[in-house]
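One file, run_10.pdb, carrying PDB, C-alpha atoms:
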```pdb
ATOM      1  CA  SER Q   3     170.057  99.928  91.297  1.00  0.00           C
ATOM      2  CA  VAL Q   4     172.282  96.885  91.241  1.00  0.00           C
ATOM      3  CA  ILE Q   5     171.959  93.161  91.738  1.00  0.00           C
ATOM      4  CA  PRO Q   6     175.023  92.112  93.709  1.00  0.00           C
ATOM      5  CA  VAL Q   7     176.422  88.750  92.635  1.00  0.00           C
ATOM      6  CA  VAL Q   8     178.571  87.908  95.641  1.00  0.00           C
ATOM      7  CA  VAL Q   9     181.633  85.662  95.799  1.00  0.00           C
ATOM      8  CA  GLY Q  10     183.912  84.979  98.730  1.00  0.00           C
ATOM      9  CA  ALA Q  11     187.115  86.978  99.188  1.00  0.00           C
ATOM     10  CA  HIS Q  12     188.941  83.675  99.479  1.00  0.00           C
ATOM     11  CA  PRO Q  13     191.182  81.863  96.968  1.00  0.00           C
ATOM     12  CA  LYS Q  14     188.505  79.217  96.292  1.00  0.00           C
ATOM     13  CA  GLY Q  15     185.895  81.944  95.879  1.00  0.00           C
ATOM     14  CA  GLU Q  16     188.063  83.809  93.411  1.00  0.00           C
ATOM     15  CA  ILE Q  17     189.225  80.773  91.441  1.00  0.00           C
ATOM     16  CA  ILE Q  18     186.125  78.567  91.427  1.00  0.00           C
ATOM     17  CA  ASP Q  19     183.130  80.827  92.119  1.00  0.00           C
ATOM     18  CA  ARG Q  20     184.020  84.106  90.376  1.00  0.00           C
ATOM     19  CA  PRO Q  21     183.738  82.605  86.862  1.00  0.00           C
ATOM     20  CA  TRP Q  22     180.211  81.414  87.766  1.00  0.00           C
ATOM     21  CA  ALA Q  23     179.427  84.892  89.075  1.00  0.00           C
ATOM     22  CA  GLY Q  24     180.531  86.313  85.728  1.00  0.00           C
ATOM     23  CA  ARG Q  25     178.313  83.833  83.881  1.00  0.00           C
ATOM     24  CA  THR Q  26     175.432  84.744  86.153  1.00  0.00           C
ATOM     25  CA  ALA Q  27     175.924  88.480  85.582  1.00  0.00           C
ATOM     26  CA  ARG Q  28     176.065  87.951  81.796  1.00  0.00           C
ATOM     27  CA  SER Q  29     172.937  85.808  81.919  1.00  0.00           C
ATOM     28  CA  ILE Q  30     171.101  88.470  83.922  1.00  0.00           C
ATOM     29  CA  ARG Q  31     172.163  91.175  81.454  1.00  0.00           C
ATOM     30  CA  GLN Q  32     171.015  89.071  78.494  1.00  0.00           C
ATOM     31  CA  THR Q  33     167.679  88.254  80.132  1.00  0.00           C
ATOM     32  CA  LEU Q  34     167.102  91.932  80.905  1.00  0.00           C
ATOM     33  CA  ARG Q  35     167.974  92.834  77.281  1.00  0.00           C
ATOM     34  CA  ASP Q  36     165.548  90.190  76.019  1.00  0.00           C
ATOM     35  CA  ARG Q  37     162.856  91.770  78.190  1.00  0.00           C
ATOM     36  CA  GLY Q  38     163.730  95.282  77.026  1.00  0.00           C
ATOM     37  CA  LEU Q  39     164.774  96.220  80.570  1.00  0.00           C
ATOM     38  CA  ASP Q  40     168.428  96.994  79.946  1.00  0.00           C
ATOM     39  CA  SER Q  41     167.941 100.728  80.442  1.00  0.00           C
ATOM     40  CA  PRO Q  42     170.203 102.803  82.695  1.00  0.00           C
ATOM     41  CA  ASP Q  43     167.354 102.868  85.224  1.00  0.00           C
ATOM     42  CA  GLY Q  44     166.995  99.086  85.314  1.00  0.00           C
ATOM     43  CA  PRO Q  45     168.809  96.702  87.631  1.00  0.00           C
ATOM     44  CA  THR Q  46     172.458  95.992  86.773  1.00  0.00           C
ATOM     45  CA  PRO Q  47     174.342  92.902  87.964  1.00  0.00           C
ATOM     46  CA  LEU Q  48     177.560  93.699  89.813  1.00  0.00           C
ATOM     47  CA  VAL Q  49     180.052  91.020  90.891  1.00  0.00           C
ATOM     48  CA  VAL Q  50     181.417  91.864  94.360  1.00  0.00           C
ATOM     49  CA  THR Q  51     183.187  90.095  97.216  1.00  0.00           C
ATOM     50  CA  ASP Q  52     181.475  89.152 100.440  1.00  0.00           C
ATOM     51  CA  VAL Q  53     183.677  91.628 102.337  1.00  0.00           C
ATOM     52  CA  TRP Q  54     182.394  94.556 100.301  1.00  0.00           C
ATOM     53  CA  TYR Q  55     178.802  93.284 100.312  1.00  0.00           C
ATOM     54  CA  LEU Q  56     178.567  92.707 104.058  1.00  0.00           C
ATOM     55  CA  ASN Q  57     180.119  96.092 104.849  1.00  0.00           C
ATOM     56  CA  ASP Q  58     177.851  98.123 102.555  1.00  0.00           C
ATOM     57  CA  ASP Q  59     174.365  98.822 103.921  1.00  0.00           C
ATOM     58  CA  GLN Q  60     173.007  99.826 100.496  1.00  0.00           C
ATOM     59  CA  LEU Q  61     174.233  96.654  98.783  1.00  0.00           C
ATOM     60  CA  ARG Q  62     172.666  94.433 101.432  1.00  0.00           C
ATOM     61  CA  LEU Q  63     169.258  95.989 100.658  1.00  0.00           C
ATOM     62  CA  GLN Q  64     169.454  94.993  96.975  1.00  0.00           C
ATOM     63  CA  PRO Q  65     168.226  91.769  95.358  1.00  0.00           C
ATOM     64  CA  THR Q  66     171.246  89.483  95.748  1.00  0.00           C
ATOM     65  CA  ILE Q  67     172.731  86.252  94.457  1.00  0.00           C
ATOM     66  CA  ALA Q  68     175.537  84.683  96.501  1.00  0.00           C
ATOM     67  CA  ILE Q  69     177.709  82.022  94.895  1.00  0.00           C
ATOM     68  CA  GLY Q  70     179.959  79.758  96.900  1.00  0.00           C
ATOM     69  CA  ASP Q  71     180.077  77.447  99.851  1.00  0.00           C
ATOM     70  CA  PRO Q  72     179.311  79.117 103.202  1.00  0.00           C
ATOM     71  CA  ALA Q  73     182.793  78.091 104.379  1.00  0.00           C
ATOM     72  CA  VAL Q  74     184.346  80.492 101.827  1.00  0.00           C
ATOM     73  CA  ASN Q  75     181.588  83.071 101.286  1.00  0.00           C
ATOM     74  CA  ALA Q  76     180.268  84.964 104.303  1.00  0.00           C
ATOM     75  CA  ALA Q  77     177.202  86.138 102.342  1.00  0.00           C
ATOM     76  CA  SER Q  78     176.356  82.495 101.595  1.00  0.00           C
ATOM     77  CA  ALA Q  79     176.809  81.709 105.296  1.00  0.00           C
ATOM     78  CA  MET Q  80     174.399  84.519 106.178  1.00  0.00           C
ATOM     79  CA  PHE Q  81     171.819  83.319 103.615  1.00  0.00           C
ATOM     80  CA  ALA Q  82     172.225  79.671 104.666  1.00  0.00           C
ATOM     81  CA  ASN Q  83     170.619  80.578 107.986  1.00  0.00           C
ATOM     82  CA  ARG Q  84     167.811  82.617 106.387  1.00  0.00           C
ATOM     83  CA  LEU Q  85     166.771  80.980 103.117  1.00  0.00           C
ATOM     84  CA  PRO Q  86     165.055  77.633 102.601  1.00  0.00           C
ATOM     85  CA  CYS Q  87     166.646  74.964 100.460  1.00  0.00           C
ATOM     86  CA  ALA Q  88     164.911  74.915  97.065  1.00  0.00           C
ATOM     87  CA  PHE Q  89     167.126  72.284  95.423  1.00  0.00           C
ATOM     88  CA  ALA Q  90     169.816  69.948  96.694  1.00  0.00           C
ATOM     89  CA  ILE Q  91     171.781  66.915  95.684  1.00  0.00           C
ATOM     90  CA  GLU Q  92     173.150  65.471  98.903  1.00  0.00           C
ATOM     91  CA  ASN Q  93     176.844  66.177  99.428  1.00  0.00           C
ATOM     92  CA  THR Q  94     177.013  67.762  95.942  1.00  0.00           C
ATOM     93  CA  CYS Q  95     175.190  71.082  95.530  1.00  0.00           C
ATOM     94  CA  GLN Q  96     172.460  73.351  96.888  1.00  0.00           C
ATOM     95  CA  VAL Q  97     170.263  76.222  95.803  1.00  0.00           C
ATOM     96  CA  LEU Q  98     168.744  78.310  98.591  1.00  0.00           C
ATOM     97  CA  LEU Q  99     165.965  80.826  97.988  1.00  0.00           C
ATOM     98  CA  ASP Q 100     162.454  81.810  98.946  1.00  0.00           C
ATOM     99  CA  PRO Q 101     160.369  80.278  96.136  1.00  0.00           C
ATOM    100  CA  GLU Q 102     157.781  83.038  96.606  1.00  0.00           C
ATOM    101  CA  MET Q 103     160.526  85.650  96.044  1.00  0.00           C
ATOM    102  CA  LEU Q 104     159.118  87.946  98.725  1.00  0.00           C
ATOM    103  CA  GLU Q 105     162.707  89.091  99.153  1.00  0.00           C
ATOM    104  CA  PRO Q 106     164.746  88.375  96.048  1.00  0.00           C
ATOM    105  CA  ARG Q 107     167.764  86.632  97.498  1.00  0.00           C
ATOM    106  CA  ALA Q 108     169.362  83.444  96.248  1.00  0.00           C
ATOM    107  CA  CYS Q 109     172.432  81.422  97.046  1.00  0.00           C
ATOM    108  CA  PHE Q 110     173.970  78.402  95.365  1.00  0.00           C
ATOM    109  CA  TRP Q 111     177.125  76.344  95.549  1.00  0.00           C
ATOM    110  CA  GLY Q 112     178.606  72.957  94.830  1.00  0.00           C
ATOM    111  CA  VAL Q 113     181.537  70.863  95.952  1.00  0.00           C
ATOM    112  CA  ASP Q 114     183.340  71.204  92.599  1.00  0.00           C
ATOM    113  CA  ASP Q 115     182.979  72.934  89.250  1.00  0.00           C
ATOM    114  CA  GLU Q 116     180.606  70.316  87.824  1.00  0.00           C
ATOM    115  CA  SER Q 117     178.309  70.444  90.842  1.00  0.00           C
ATOM    116  CA  ILE Q 118     178.279  74.251  90.776  1.00  0.00           C
ATOM    117  CA  ARG Q 119     177.203  73.942  87.146  1.00  0.00           C
ATOM    118  CA  LEU Q 120     174.265  71.744  88.236  1.00  0.00           C
ATOM    119  CA  ALA Q 121     173.167  74.309  90.831  1.00  0.00           C
ATOM    120  CA  TRP Q 122     173.677  77.206  88.391  1.00  0.00           C
ATOM    121  CA  GLU Q 123     171.660  75.486  85.645  1.00  0.00           C
ATOM    122  CA  ARG Q 124     168.828  74.729  88.056  1.00  0.00           C
ATOM    123  CA  PHE Q 125     168.739  78.333  89.279  1.00  0.00           C
ATOM    124  CA  GLN Q 126     168.887  79.668  85.702  1.00  0.00           C
ATOM    125  CA  SER Q 127     166.181  77.410  84.323  1.00  0.00           C
ATOM    126  CA  LYS Q 128     163.771  77.398  87.228  1.00  0.00           C
ATOM    127  CA  TRP Q 129     164.150  80.645  89.191  1.00  0.00           C
ATOM    128  CA  LEU Q 130     166.058  83.345  87.311  1.00  0.00           C
ATOM    129  CA  GLU Q 131     162.961  84.808  85.609  1.00  0.00           C
ATOM    130  CA  GLU Q 132     161.045  84.967  88.903  1.00  0.00           C
ATOM    131  CA  PHE Q 133     164.082  86.408  90.665  1.00  0.00           C
ATOM    132  CA  LEU Q 134     164.357  89.176  88.061  1.00  0.00           C
ATOM    133  CA  ASP Q 135     160.607  89.884  88.281  1.00  0.00           C
ATOM    134  CA  ALA Q 136     160.983  90.350  92.039  1.00  0.00           C
ATOM    135  CA  ALA Q 137     164.202  92.369  91.599  1.00  0.00           C
ATOM    136  CA  GLU Q 138     162.493  94.673  89.097  1.00  0.00           C
ATOM    137  CA  HIS Q 139     159.658  95.237  91.573  1.00  0.00           C
ATOM    138  CA  VAL Q 140     162.138  96.073  94.365  1.00  0.00           C
ATOM    139  CA  CYS Q 141     164.057  98.441  92.077  1.00  0.00           C
ATOM    140  CA  LYS Q 142     160.891 100.334  91.149  1.00  0.00           C
ATOM    141  CA  ALA Q 143     159.818 100.725  94.786  1.00  0.00           C
TER     142      ALA Q 143
END
```
As C-alpha cells, the full file:
Amino acid sequence: SVIPVVVGAHPKGEIIDRPWAGRTARSIRQTLRDRGLDSPDGPTPLVVTDVWYLNDDQLRLQPTIAIGDPAVNAASAMFANRLPCAFAIENTCQVLLDPEMLEPRACFWGVDDESIRLAWERFQSKWLEEFLDAAEHVCKA
C-alpha cells in the first residue's frame, strides 16, 4: 500500500511543490520508522504527479496528500471541493482535511515557498500523526 503525495504536472508544481512533497515523504518515512511501522507491508509514501494520480483508480483509493495550488494541481482542485479548510492564512496558505480523518486525505498549498512552509509545518505538527493512524487503518482493511 502507498500514500500518494501528489504534485501538479506543471512547471510551478515541479519547481516549487515537488521539494515539499519530498520533505513530506521523508517525514512520513521517519514517523513510520519511529513507530516501528516501516515494514514492507506498511504504507509507503510515493511522490506522483496529478496526471498519474487522477488516471489510476488504485491510487485514488489510497490515503493521499496533495501539495500545490488548485490552479496547478488537479488533485488539489478535486480536494478543494471535497475537504473542509482546517487552517488558513488569508491570501497566503491553506490546509484542507477532514479533522476526523474518516477518509485520510489532505491538501495544502501557499502562494510562495515561505507560505508553503507555514502550511507544511502546521500539517506536520498538528495532523500528520492522525493522518498516519487513519492511513494505517485503511491499509490494514
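Note on the selection: in this file the PyMOL selection byres ((chain Q and resi 53) around 8) comes out as Gly10, Ala11, Thr51, Asp52, Trp54, Tyr55, Leu56, Asn57 and Ala76 of chain Q.
If you apply the PyMOL selection byres ((chain Q and resi 31) around 12) to this structure, you end up with Q:Val4, Q:Ile5, Q:Gly24, Q:Arg25, Q:Thr26, Q:Ala27, Q:Arg28, Q:Ser29, Q:Ile30, Q:Gln32, Q:Thr33, Q:Leu34, Q:Arg35, Q:Asp36, Q:Arg37, Q:Gly38, Q:Leu39, Q:Asp40, Q:Ser41, Q:Pro42, Q:Gly44, Q:Pro45, Q:Thr46, Q:Pro47, Q:Leu48, Q:Leu130, Q:Glu131, Q:Leu134.
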inquiry  = Using Å and a single decimal, report how far CA of Gln64 in chain Q sits from CA of Asn83 in chain Q.
reply    = 18.2 Å
key: Separation of CA of Glu123 in chain Q from CA of Asp135 in chain Q in Å   =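 Those two atoms sit 18.3 Å apart.
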request  = Using only C-alpha atoms, pick whichever of Q:Ala136, Q:Ile118, Q:Leu104, Q:Leu61 has the shortest atom-to-atom distance to Ala77 in chain Q.
outcome  =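 Ranked by minimum distance to Ala77 in chain Q, first place goes to Q:Leu61.
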task = For CA of Ala137 in chain Q and CA of Ala68 in chain Q, quote the distance in Å rounded to one decimal.
result =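 Between these atoms lies a distance of 14.5 Å.
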message = the PyMOL selection byres ((chain Q and resi 124) around 10) - which residues does that actually catch in the file I just gave you? List them as a count of residues only.
response = 18
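For the set Q:Pro86, Q:Pro21, Q:Pro106, Q:Gly15, the residue with the smallest atom-to-atom gap to Pro72 in chain Q is Q:Gly15, counting all atoms listed in the file.
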As lines of an AutoDock Vina configuration file, please: the centre and edge lengths in Å, to one decimal, of an axis-aligned box enclosing every listed atom of range 71-85 of chain Q with 8 Å added on each side.
```
center_x = 175.6
center_y = 81.8
center_z = 103.9
size_x = 33.6
size_y = 24.7
size_z = 24.1
```
inquiry  = Which residues are close to Arg107 in chain Q, i.e. within 8 Å by all atoms listed in the file, leaving aside same-chain residues fewer than 2 positions away? Reply as a PyMOL selection string.
reply    = chain Q and resi 65-67+99-100+103+105+109+133
inquiry  = From the options Q:Asp115, Q:Ala23, Q:Glu16, Q:Pro101, which residue's atoms come nearest to Glu132 in chain Q, counting all atoms listed in the file?
reply    =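 Closest to Glu132 in chain Q of all the choices is Q:Pro101.
Distances here use all atoms listed in the file; by that measure, the residue among Q:Val49, Q:Leu98, Q:Ala73, Q:Val140 closest to Leu85 in chain Q is Q:Leu98.
Proximity to Asp71 in chain Q was assessed for Q:Pro6, Q:Asp114, Q:Glu138, Q:Val50 counting all atoms listed in the file; the smallest distance is recorded for Q:Asp114.
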